[in-house]
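Right, one structure below, let's go through it.
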Amino acid sequence: MRKRCVLAVALAGLMAPLSAKADCGTVSVAEMNWTSGRIITGVAAFLMEQGYGCDVVVVPSATTTAVTSLAENNEPDVIPELWPNGAPAYFRLEEEGRVVKASDAFSAGGTEHWLVPSYLVEEHPELATIEGILENPELVGGRFHSCPDGWGCRNANDALVEAYDFESHGIEVFHHGSGETLMAALVSAYESGEPYFGYYWGPTAPLGKYDLVSVDMGPVDQETYECNLDVDCDDIGKTAWPSSPVYNVVTTDLAEREPAVFELMQRLSFDNSEMNELLAWHSDNNATVDEAVVHFLQNRPDMWMSWLSEDARANLQDML
């Protein structure tokens with residue numbers, strides 16, 4: 001309750017004054033169903049509303065859901081933290097001129113891994129490779145923790161699980177229902193010193209907080225990786241995860257309709273270390289996403305003020 005009061009106090013003085021000087025129309029912004037994506041959406045929505053006077057509509061979404069909606073409805077207007085490798089149809093929309101990359105959501109892009117805790121590898125060095133895990137499934141608990149439905153990584157994981165024939169090696173696949181339960185499984189296993197084997201990505205709080213080993217899956221085969229993502233492709237195979245571009249995306253219509261908002265999204269980008277620290281704070285303090293947004297706004301005005309136009313900076317000057 002105290003945290004919610006702090007949030008209300010932090011925002012209350014900024015909400016009313018701008019309602020009379022709104023010069024921006026309605027902007028729909030996707031909210032991905034994982035923490036970093038929700039934080040970026042919260043920051044972007046706050047800046048659009050309070051700096052630019054937009055009427056922001058937040059749309060719950062996920063990677064494939066967002067790209068499907070863009071293809072069918074040309075909405076949402078803004079998609080923060082889109083991982084386009086997980087939704088190849090994005091590149092077709094880009095070629096057609098319907099969407100445009102505004103910025104890199106993270107300065108160093110995104111990373112994807114199959115992970116085991118370092119304490120397992122220290123005791124059993126063979127677990128640093130996928131071959132060692134397949135030969136010793138009991139050492140990782142006989143389970144692989146995979147992505148929720150709707151995430152682009154789900155298709156790739158399903159294909160890799162089939163390619164490596166987890167079933168015949170005695171490895172059960174557990175499909176998590178959300179990013180929260182996927183993280184909870186990793187955190188619980190690590191803090192209890194138990195076996196763990198699963199997918200995770202960065203930047204995230206666990207990768208910054210815990211000593212985890214990225215399993216050696218051999219070289220990256222880009223063609224195989226792209227096939228693995230496509231549920232209609234039959235030539236799935238074994239490959240490591242390539243580094244991933246992670247974009248803040250807007251529709252071409254939004255870029256033309258609200259150029260000031262487009263310029264904001266062109267500047268809005270987080271350093272990977274900054275996001276790791278913010279996610280760790282969120283986790284360590286059992287905070288809500290709104291509280292993490294306020295924490296960032298209160299502690300890094302030097303960063304987010306640099307994203308704003310001169311007029312938007314004047315509107316938000318009181319926050320400093």
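Each chain in the structure tokens gets a letter, A, B, ..., in the order shown, and its residues are numbered from 1; ligands are numbered from 1 in order too.
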- Message: List as a PyMOL selection string the protein and nucleic acid residues near Leu186 of chain A, meaning an atom at most 12 Å away when only C-alpha atoms are counted, but skip any in the same chain fewer than 5 places from it.
- Response: chain A and resi 114-117+144-146+176+179-181+191-201+205-207+209-212
- Among the residues of segment 134-280 of chain A, find those DSSP assigns to helix (DSSP H, G or I) from the backbone and print them as a VMD selection string. chain A and resid 134 to 135 137 to 140 152 to 163 167 to 169 179 to 192 205 to 209 222 to 229 252 to 257 259 to 267 272 to 280
- Message: Given only C-alpha atoms as the basis, pick out the residue of A:Ala280, A:Met32, A:Val246, A:Val99 nearest to Thr111 of chain A.
- Response: A:Val246
- So, counting only C-alpha atoms, which residue among A:Glu126, A:Asp318, A:Glu172, A:Glu131 is closest to Arg143 of chain A? A:Glu172
- Contacts of Ala314 of chain A at 10 Å (only C-alpha atoms; same-chain gap of 4+ positions) as an NGL selection string: :A and (51 or 305 or 308-310 or 318)
- Query: Hey, what's within 7 Å of Val220 of chain A if we count only C-alpha atoms and toss same-chain stuff fewer than 2 positions away? As a count of residues only, please?
  - Reply: 6
Sort by chain and increasing residue number a table of all residues of segment 113-170 of chain A within 8 Å of segment 62-85 of chain A, each with its closest pair of atoms and their distance in Å to one decimal, counting only C-alpha atoms, and write it as CSV.
```
residue,atom,partner,partner_atom,distance
A:Gly150,CA,A:Thr64,CA,5.8
A:Trp151,CA,A:Thr63,CA,5.6
A:Gly152,CA,A:Thr63,CA,6.1
```
Export of prior selection with N, CA and C atoms as an mmCIF file, in the first residue's frame:
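That gives us part07.cif:
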```cif
data_model
loop_
_atom_site.group_PDB
_atom_site.id
_atom_site.type_symbol
_atom_site.label_atom_id
_atom_site.label_comp_id
_atom_site.auth_asym_id
_atom_site.auth_seq_id
_atom_site.Cartn_x
_atom_site.Cartn_y
_atom_site.Cartn_z
ATOM 1 N N GLY A 150 2.627 -18.045 -27.650
ATOM 2 C CA GLY A 150 2.587 -16.673 -28.152
ATOM 3 C C GLY A 150 3.951 -16.019 -28.230
ATOM 4 N N TRP A 151 4.941 -16.597 -27.569
ATOM 5 C CA TRP A 151 6.294 -16.053 -27.663
ATOM 6 C C TRP A 151 6.983 -16.648 -28.890
ATOM 7 N N GLY A 152 7.777 -15.817 -29.576
ATOM 8 C CA GLY A 152 8.473 -16.309 -30.757
ATOM 9 C C GLY A 152 9.416 -17.452 -30.446
#
```
- When DSSP works through the backbone of this structure, what residues of segment 56-253 of chain A end up as strand (DSSP E), shown as a VMD selection string? chain A and resid 56 to 60 78 to 82 99 to 104 111 to 117 143 to 146 172 to 175 198 to 202 212 to 214 247 to 251
- Across A:Pro203, A:Glu123, A:Ile133, A:Ile40, the smallest distance to Asn276 of chain A, with only C-alpha atoms counted, is shown by A:Pro203
- Item | Nearest-residue call for Pro245 of chain A, choices A:Phe46, A:Tyr90, A:Trp307, A:Phe106, using only C-alpha atoms | A:Phe106
- Task: Tell me, as a ChimeraX atom specification, which residues lie within 12 Å of Asp232 of chain A, counting only C-alpha atoms; anything in the same chain fewer than 4 positions away does not count.
- Result: /A:155,159,226-228,236
- Quick one, how far is atom CA of Ala30 of chain A from atom CA of Val250 of chain A? 10.2 Å
- Item | Non-local contacts of Val261 of chain A (8 Å; only C-alpha atoms; under 6 positions in same chain excluded) as number ranges by chain | A: 48, 52, 255
- Message: Just the number, please: distance in Å from atom CA of Gly202 of chain A to atom CA of Pro137 of chain A, one decimal.
- Response: 25.1 Å
- Close residues, Gly237 of chain A itself excluded, 10 Å, only C-alpha atoms, min 4 positions apart in chain, as a list in words: Ala156, Ala159, Leu160, Val161, Glu162, Ala163, Tyr164, Asp221, Glu223, Thr224, Tyr225, Cys227 and Asn228 of chain A
Output of the above residues as a compact mmCIF listing (two decimals), in the first residue's frame, restricted to all heavy atoms:
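Wrote result_35.txt, looks like this:
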```
# COMPACT_ATOMS: atom_id res chain seq x y z
N ALA A 156 10.84 -21.89 -31.92
CA ALA A 156 12.22 -22.33 -32.04
C ALA A 156 12.53 -23.42 -31.03
O ALA A 156 13.19 -24.43 -31.36
CB ALA A 156 13.17 -21.14 -31.84
N ALA A 159 11.00 -26.75 -32.09
CA ALA A 159 11.76 -27.38 -33.17
C ALA A 159 13.07 -27.97 -32.66
O ALA A 159 13.46 -29.08 -33.04
CB ALA A 159 12.04 -26.34 -34.27
N LEU A 160 13.76 -27.26 -31.79
CA LEU A 160 15.03 -27.75 -31.25
C LEU A 160 14.81 -28.98 -30.37
O LEU A 160 15.62 -29.93 -30.40
CB LEU A 160 15.72 -26.65 -30.45
CG LEU A 160 16.34 -25.51 -31.26
CD1 LEU A 160 16.72 -24.34 -30.36
CD2 LEU A 160 17.56 -26.01 -32.04
N VAL A 161 13.75 -28.98 -29.60
CA VAL A 161 13.42 -30.14 -28.76
C VAL A 161 13.23 -31.37 -29.63
O VAL A 161 13.69 -32.49 -29.30
CB VAL A 161 12.16 -29.85 -27.92
CG1 VAL A 161 11.55 -31.14 -27.37
CG2 VAL A 161 12.50 -28.89 -26.78
N GLU A 162 12.55 -31.19 -30.77
CA GLU A 162 12.34 -32.31 -31.70
C GLU A 162 13.65 -32.72 -32.35
O GLU A 162 13.96 -33.92 -32.49
CB GLU A 162 11.32 -31.92 -32.76
CG GLU A 162 11.00 -33.03 -33.75
CD GLU A 162 9.96 -32.63 -34.78
OE1 GLU A 162 9.26 -31.62 -34.56
OE2 GLU A 162 9.86 -33.33 -35.80
N ALA A 163 14.45 -31.72 -32.77
CA ALA A 163 15.71 -32.02 -33.45
C ALA A 163 16.68 -32.78 -32.54
O ALA A 163 17.39 -33.69 -32.99
CB ALA A 163 16.36 -30.72 -33.94
N TYR A 164 16.71 -32.40 -31.26
CA TYR A 164 17.59 -33.08 -30.31
C TYR A 164 16.94 -34.31 -29.67
O TYR A 164 17.57 -35.00 -28.89
CB TYR A 164 18.03 -32.11 -29.21
CG TYR A 164 19.11 -31.15 -29.64
CD1 TYR A 164 18.81 -29.80 -29.88
CD2 TYR A 164 20.42 -31.58 -29.81
CE1 TYR A 164 19.80 -28.91 -30.28
CE2 TYR A 164 21.42 -30.69 -30.21
CZ TYR A 164 21.10 -29.37 -30.44
OH TYR A 164 22.08 -28.49 -30.83
N ASP A 221 23.45 -21.75 -37.19
CA ASP A 221 23.05 -21.98 -38.58
C ASP A 221 21.81 -21.12 -38.81
O ASP A 221 20.71 -21.49 -38.42
CB ASP A 221 22.75 -23.46 -38.81
CG ASP A 221 22.43 -23.78 -40.27
OD1 ASP A 221 21.80 -22.93 -40.94
OD2 ASP A 221 22.78 -24.88 -40.74
N GLU A 223 20.04 -20.31 -41.39
CA GLU A 223 18.95 -20.87 -42.21
C GLU A 223 18.12 -21.85 -41.40
O GLU A 223 16.88 -21.85 -41.46
CB GLU A 223 19.54 -21.56 -43.44
CG GLU A 223 18.48 -22.06 -44.42
CD GLU A 223 19.08 -22.62 -45.70
OE1 GLU A 223 20.28 -22.38 -45.95
OE2 GLU A 223 18.35 -23.31 -46.44
N THR A 224 18.79 -22.69 -40.62
CA THR A 224 18.07 -23.64 -39.76
C THR A 224 17.27 -22.90 -38.70
O THR A 224 16.12 -23.25 -38.41
CB THR A 224 19.05 -24.61 -39.10
OG1 THR A 224 19.70 -25.38 -40.12
CG2 THR A 224 18.34 -25.54 -38.13
N TYR A 225 17.88 -21.88 -38.12
CA TYR A 225 17.19 -21.11 -37.09
C TYR A 225 15.90 -20.50 -37.64
O TYR A 225 14.85 -20.57 -37.00
CB TYR A 225 18.10 -20.01 -36.55
CG TYR A 225 17.42 -19.06 -35.60
CD1 TYR A 225 17.08 -19.46 -34.31
CD2 TYR A 225 17.08 -17.77 -35.99
CE1 TYR A 225 16.43 -18.60 -33.43
CE2 TYR A 225 16.44 -16.90 -35.12
CZ TYR A 225 16.12 -17.32 -33.85
OH TYR A 225 15.47 -16.47 -33.01
N CYS A 227 14.16 -21.55 -40.17
CA CYS A 227 13.19 -22.63 -40.41
C CYS A 227 12.54 -23.06 -39.10
O CYS A 227 11.33 -23.29 -39.05
CB CYS A 227 13.90 -23.81 -41.07
SG CYS A 227 12.82 -25.25 -41.33
N ASN A 228 13.33 -23.15 -38.04
CA ASN A 228 12.79 -23.56 -36.75
C ASN A 228 11.70 -22.62 -36.26
O ASN A 228 10.78 -23.03 -35.55
CB ASN A 228 13.91 -23.62 -35.71
CG ASN A 228 14.84 -24.80 -35.91
OD1 ASN A 228 14.59 -25.68 -36.74
ND2 ASN A 228 15.94 -24.83 -35.17
```
- Item | Gap from atom CA of Pro148 of chain A to atom CA of Val231 of chain A - Å, one decimal | 15.6 Å
